[in-house]
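Structure, as structure tokens:
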Amino acid sequence: MTASDAHPHATGHDGYLTIHGLRHHYLQWGDVAKDPVVFLHGLMNNGRYWEHIAERFTDRYSVYAPDLRGHGESEHAPGGYLVWAFAMDLRGFVEEMDFEGFDLVAHSIGSRVAMSYARDHSHRLDHLVLADMGPQMADQGARGIRRSTGDAQKAPGFSTEAEAIEHFASLYPGKPKEFLERQIGASLVLDEATGNLVFRFDPSIHQATGRGAIAEIPYLWESLEHIKCPTLVIRAEKSKVLSREIAEQMVERLPKGRFIEIPDAGHQVPLHQPDAFSAVVREFLAE
């Protein structure tokens, strides 16, 4: 089944895998014969978050963007949203796709997943990009993410598609209606009880920012020391999630780490500065 069957004017192709008993969805763009690069989204997002970035890489790469468990079209897994569970899913995805080597680009909570995966599997990675998330979050950013997750759990959704389009237009300024409709299709589902369009993600994903996430902090800091592949830490200049101090400490722990800051961007740096983000990542992956 292709994405055009599910969403009008869609780009990329839909794929489905069963990993650890859960049905997982992913998107793929470009020629599958080219070198693979995998993009991991953040909390409450899904693989189509990367659509406007993927098109900047298909000239050189085969681009993959899985929906993490509990997100998008991937199945919910109540009680299973600690970082090691996400990382095991990524391991299963890589094995199912039979990647001998690949590049991994991760944003936000996806970066925590990437750190956990790379701890034991960096021999498979040609390059690793960790965008605007560290083993721990700056206090203000952590509170903001927990608040956003809680608000999303309580949100009634959108009563009309026009309301939903307005919401996504604020996230993706300047994008055409067809693009926004695809984001709606990937992110929302009709709630038959209320008739509203509500977010697809599992409300239980708040576990990824709760006490379990706090307990993971020492594990993730120690994981950095085991990541042997070249690793780029990206910080958004206006980020409230990743402080410069934490980013610099990450680079010190990483055997082959480096740091770059993208100006005039907040935490959602792939949305705020897609051209600058893509240029930085492409240059790094080409090394």
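Convention: chains lettered A, B, ... in structure tokens order; per-chain residue numbering from 1; ligands numbered from 1 as shown.
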
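Assigned to strand (DSSP E or B) in region 64-245 of chain A, given DSSP computed from backbone atoms, are Tyr64, Ala65, Pro66, Phe102, Asp103, Leu104, Val105, Ala106, His107, Leu125, Asp126, His127, Leu128, Val129, Leu130, Ala131, Phe158, Leu188, Val189, Leu190, Leu197, Val198, Phe199, Thr231, Leu232, Val233, Ile234, Arg235 and Ala236 of chain A.
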
Store the residues picked out above, limited to C-alpha atoms, as an mmCIF file, in the first residue's frame.
```cif
data_model
loop_
_atom_site.group_PDB
_atom_site.id
_atom_site.type_symbol
_atom_site.label_atom_id
_atom_site.label_comp_id
_atom_site.auth_asym_id
_atom_site.auth_seq_id
_atom_site.Cartn_x
_atom_site.Cartn_y
_atom_site.Cartn_z
ATOM 1 C CA TYR A 64 13.196 5.873 6.239
ATOM 2 C CA ALA A 65 11.031 7.330 9.007
ATOM 3 C CA PRO A 66 9.361 4.845 11.377
ATOM 4 C CA PHE A 102 23.173 3.205 7.945
ATOM 5 C CA ASP A 103 23.008 6.788 9.142
ATOM 6 C CA LEU A 104 20.696 7.692 12.019
ATOM 7 C CA VAL A 105 19.218 11.173 12.525
ATOM 8 C CA ALA A 106 17.100 11.711 15.629
ATOM 9 C CA HIS A 107 15.222 14.631 17.156
ATOM 10 C CA LEU A 125 26.105 3.297 12.289
ATOM 11 C CA ASP A 126 28.104 5.337 9.804
ATOM 12 C CA HIS A 127 26.981 8.597 11.432
ATOM 13 C CA LEU A 128 24.679 9.584 14.290
ATOM 14 C CA VAL A 129 22.889 12.929 14.684
ATOM 15 C CA LEU A 130 21.299 13.876 18.025
ATOM 16 C CA ALA A 131 19.129 16.965 17.578
ATOM 17 C CA PHE A 158 -10.669 19.170 16.724
ATOM 18 C CA LEU A 188 -5.196 12.327 13.935
ATOM 19 C CA VAL A 189 -7.959 9.732 13.996
ATOM 20 C CA LEU A 190 -11.738 10.068 14.251
ATOM 21 C CA LEU A 197 -10.455 14.340 15.292
ATOM 22 C CA VAL A 198 -8.094 13.342 18.118
ATOM 23 C CA PHE A 199 -4.378 12.612 18.227
ATOM 24 C CA THR A 231 28.235 11.798 16.342
ATOM 25 C CA LEU A 232 26.892 15.313 15.807
ATOM 26 C CA VAL A 233 25.045 17.056 18.641
ATOM 27 C CA ILE A 234 22.755 19.778 17.286
ATOM 28 C CA ARG A 235 21.354 22.448 19.574
ATOM 29 C CA ALA A 236 18.744 25.022 18.612
#
```

DSSP-assigned helix (DSSP H, G or I) among region 52-243 of chain A, expressed as a count of residues only | 93

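For the set A:Arg60, A:Arg112, A:Arg91, A:His71, the residue with the smallest atom-to-atom gap to Ile217 (chain A) is A:Arg112, counting only C-alpha atoms.
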
Counting only C-alpha atoms, what is within 12 Å of Thr194 (chain A), bar same-chain residues fewer than 6 positions away, as number ranges by chain?
-> A: 156-160

Selection: 9 Å around Gly30 (chain A), only C-alpha atoms, excl. self and same-chain fewer than 4 positions, as a list in words = Gly12, Lys34, Ala54, Glu55, Phe57, Thr58, Asp59, Arg60, Tyr61, Ser62 and Val63 of chain A

What does the file look like for those residues with C-alpha atoms, as a PDB file, in the first residue's frame?
```
ATOM      1  CA  GLY A  12       6.750   8.410   0.180  1.00  0.00           C
ATOM      2  CA  LYS A  34      20.810   4.059  -2.251  1.00  0.00           C
ATOM      3  CA  ALA A  54      13.166  13.758   3.505  1.00  0.00           C
ATOM      4  CA  GLU A  55      12.775  15.461   0.133  1.00  0.00           C
ATOM      5  CA  PHE A  57      17.944  13.840   1.027  1.00  0.00           C
ATOM      6  CA  THR A  58      16.488  11.567  -1.645  1.00  0.00           C
ATOM      7  CA  ASP A  59      19.041  12.589  -4.276  1.00  0.00           C
ATOM      8  CA  ARG A  60      21.673  10.697  -2.303  1.00  0.00           C
ATOM      9  CA  TYR A  61      19.876   8.465   0.201  1.00  0.00           C
ATOM     10  CA  SER A  62      17.003   6.070   0.695  1.00  0.00           C
ATOM     11  CA  VAL A  63      15.126   7.764   3.540  1.00  0.00           C
TER      12      VAL A  63
END
```

Tell me which protein, DNA and RNA residues are within 12 Å of His226 (chain A), counting only C-alpha atoms, leaving out same-chain ones fewer than 4 positions away, and put them as JSON, numbers by chain.
-> {"A": [115, 116, 117, 118, 119, 120, 121, 122, 123, 219, 220, 221, 222, 230, 231, 253, 254, 255, 256, 257]}

Kindly export the residues of the current selection with N, CA, C and O atoms, as a PDB file, in the first residue's frame.
```
ATOM      1  N   MET A 115      20.425   7.215  21.394  1.00  0.00           N
ATOM      2  CA  MET A 115      21.535   6.999  22.326  1.00  0.00           C
ATOM      3  C   MET A 115      21.506   5.579  22.875  1.00  0.00           C
ATOM      4  O   MET A 115      22.543   4.910  22.964  1.00  0.00           O
ATOM      5  N   SER A 116      20.322   5.125  23.260  1.00  0.00           N
ATOM      6  CA  SER A 116      20.181   3.783  23.807  1.00  0.00           C
ATOM      7  C   SER A 116      20.529   2.731  22.759  1.00  0.00           C
ATOM      8  O   SER A 116      21.241   1.759  23.052  1.00  0.00           O
ATOM      9  N   TYR A 117      20.047   2.919  21.528  1.00  0.00           N
ATOM     10  CA  TYR A 117      20.351   1.968  20.458  1.00  0.00           C
ATOM     11  C   TYR A 117      21.847   1.957  20.154  1.00  0.00           C
ATOM     12  O   TYR A 117      22.476   0.895  20.046  1.00  0.00           O
ATOM     13  N   ALA A 118      22.426   3.146  20.014  1.00  0.00           N
ATOM     14  CA  ALA A 118      23.823   3.251  19.600  1.00  0.00           C
ATOM     15  C   ALA A 118      24.787   2.742  20.664  1.00  0.00           C
ATOM     16  O   ALA A 118      25.931   2.388  20.352  1.00  0.00           O
ATOM     17  N   ARG A 119      24.358   2.700  21.901  1.00  0.00           N
ATOM     18  CA  ARG A 119      25.209   2.179  22.976  1.00  0.00           C
ATOM     19  C   ARG A 119      25.784   0.808  22.613  1.00  0.00           C
ATOM     20  O   ARG A 119      26.975   0.559  22.825  1.00  0.00           O
ATOM     21  N   ASP A 120      24.946  -0.058  22.062  1.00  0.00           N
ATOM     22  CA  ASP A 120      25.375  -1.425  21.748  1.00  0.00           C
ATOM     23  C   ASP A 120      25.487  -1.704  20.255  1.00  0.00           C
ATOM     24  O   ASP A 120      25.938  -2.786  19.874  1.00  0.00           O
ATOM     25  N   HIS A 121      25.082  -0.735  19.421  1.00  0.00           N
ATOM     26  CA  HIS A 121      25.028  -1.023  17.987  1.00  0.00           C
ATOM     27  C   HIS A 121      25.680   0.066  17.135  1.00  0.00           C
ATOM     28  O   HIS A 121      25.374   0.195  15.955  1.00  0.00           O
ATOM     29  N   SER A 122      26.590   0.833  17.719  1.00  0.00           N
ATOM     30  CA  SER A 122      27.199   1.896  16.918  1.00  0.00           C
ATOM     31  C   SER A 122      28.081   1.348  15.805  1.00  0.00           C
ATOM     32  O   SER A 122      28.430   2.068  14.868  1.00  0.00           O
ATOM     33  N   HIS A 123      28.427   0.042  15.881  1.00  0.00           N
ATOM     34  CA  HIS A 123      29.198  -0.558  14.791  1.00  0.00           C
ATOM     35  C   HIS A 123      28.378  -0.617  13.502  1.00  0.00           C
ATOM     36  O   HIS A 123      28.940  -0.731  12.411  1.00  0.00           O
ATOM     37  N   TYR A 219      21.955   6.059  32.861  1.00  0.00           N
ATOM     38  CA  TYR A 219      22.173   5.057  31.813  1.00  0.00           C
ATOM     39  C   TYR A 219      22.506   5.727  30.479  1.00  0.00           C
ATOM     40  O   TYR A 219      23.431   5.300  29.765  1.00  0.00           O
ATOM     41  N   LEU A 220      21.784   6.796  30.136  1.00  0.00           N
ATOM     42  CA  LEU A 220      22.020   7.458  28.858  1.00  0.00           C
ATOM     43  C   LEU A 220      23.333   8.236  28.859  1.00  0.00           C
ATOM     44  O   LEU A 220      24.050   8.255  27.849  1.00  0.00           O
ATOM     45  N   TRP A 221      23.683   8.874  29.973  1.00  0.00           N
ATOM     46  CA  TRP A 221      24.983   9.549  30.044  1.00  0.00           C
ATOM     47  C   TRP A 221      26.111   8.533  29.848  1.00  0.00           C
ATOM     48  O   TRP A 221      27.050   8.774  29.085  1.00  0.00           O
ATOM     49  N   GLU A 222      25.990   7.392  30.502  1.00  0.00           N
ATOM     50  CA  GLU A 222      27.024   6.370  30.373  1.00  0.00           C
ATOM     51  C   GLU A 222      27.028   5.762  28.974  1.00  0.00           C
ATOM     52  O   GLU A 222      28.075   5.388  28.453  1.00  0.00           O
ATOM     53  N   PRO A 230      31.073   8.527  14.443  1.00  0.00           N
ATOM     54  CA  PRO A 230      31.017   9.992  14.470  1.00  0.00           C
ATOM     55  C   PRO A 230      29.613  10.460  14.843  1.00  0.00           C
ATOM     56  O   PRO A 230      28.624   9.988  14.270  1.00  0.00           O
ATOM     57  N   THR A 231      29.529  11.368  15.815  1.00  0.00           N
ATOM     58  CA  THR A 231      28.235  11.798  16.342  1.00  0.00           C
ATOM     59  C   THR A 231      28.171  13.317  16.398  1.00  0.00           C
ATOM     60  O   THR A 231      29.066  13.963  16.944  1.00  0.00           O
ATOM     61  N   ARG A 253      31.752  13.470  26.478  1.00  0.00           N
ATOM     62  CA  ARG A 253      31.572  12.034  26.754  1.00  0.00           C
ATOM     63  C   ARG A 253      31.683  11.188  25.486  1.00  0.00           C
ATOM     64  O   ARG A 253      32.100  10.024  25.553  1.00  0.00           O
ATOM     65  N   LEU A 254      31.278  11.743  24.354  1.00  0.00           N
ATOM     66  CA  LEU A 254      31.273  10.994  23.104  1.00  0.00           C
ATOM     67  C   LEU A 254      32.691  10.821  22.567  1.00  0.00           C
ATOM     68  O   LEU A 254      33.433  11.801  22.450  1.00  0.00           O
ATOM     69  N   PRO A 255      33.103   9.605  22.206  1.00  0.00           N
ATOM     70  CA  PRO A 255      34.449   9.395  21.660  1.00  0.00           C
ATOM     71  C   PRO A 255      34.718  10.183  20.389  1.00  0.00           C
ATOM     72  O   PRO A 255      35.843  10.632  20.152  1.00  0.00           O
ATOM     73  N   LYS A 256      33.684  10.358  19.551  1.00  0.00           N
ATOM     74  CA  LYS A 256      33.853  11.083  18.287  1.00  0.00           C
ATOM     75  C   LYS A 256      32.743  12.122  18.149  1.00  0.00           C
ATOM     76  O   LYS A 256      32.087  12.214  17.112  1.00  0.00           O
ATOM     77  N   GLY A 257      32.572  12.922  19.190  1.00  0.00           N
ATOM     78  CA  GLY A 257      31.477  13.879  19.198  1.00  0.00           C
ATOM     79  C   GLY A 257      31.896  15.257  18.724  1.00  0.00           C
ATOM     80  O   GLY A 257      33.055  15.657  18.843  1.00  0.00           O
TER      81      GLY A 257
END
```

Quick one, how far is CA of Met133 (chain A) from CA of Ser108 (chain A)?
->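 If I compute the distance from CA of Met133 (chain A) to CA of Ser108 (chain A), I get 4.9 Å.
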
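Distance annotation: of A:Pro203, A:Cys229, A:Val113, A:Asp67, the residue with the minimal separation from Gly101 (chain A) is A:Cys229; atom set is only C-alpha atoms.
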
Polymer residues at most 8 Å from Tyr16 (chain A), only C-alpha atoms, same-chain spacing of 6 or more positions, as a ChimeraX atom specification | /A:23-26

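Across the structure, CA of Glu181 (chain A) and CA of Ile53 (chain A) are spaced 17.0 Å apart.
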
Residues of region 152-226 of chain A at most 10 Å from region 266-282 of chain A: nearest atom pair and distance in Å, only C-alpha atoms, as JSON lines:
```
{"residue": "A:Leu171", "atom": "CA", "partner": "A:Leu271", "partner_atom": "CA", "distance": 7.4}
{"residue": "A:Tyr172", "atom": "CA", "partner": "A:Leu271", "partner_atom": "CA", "distance": 6.6}
{"residue": "A:Pro173", "atom": "CA", "partner": "A:Leu271", "partner_atom": "CA", "distance": 8.7}
```

Shell around Phe86 (chain A) at 9 Å using only C-alpha atoms, local window under 3 positions removed, as a PyMOL selection string = chain A and resi 68-69+80-83+89-91+110+113-114+116-117

Please measure the separation of CA of Ile184 (chain A) and CA of Arg56 (chain A), giving the value in Å to one decimal.
-> 21.8 Å
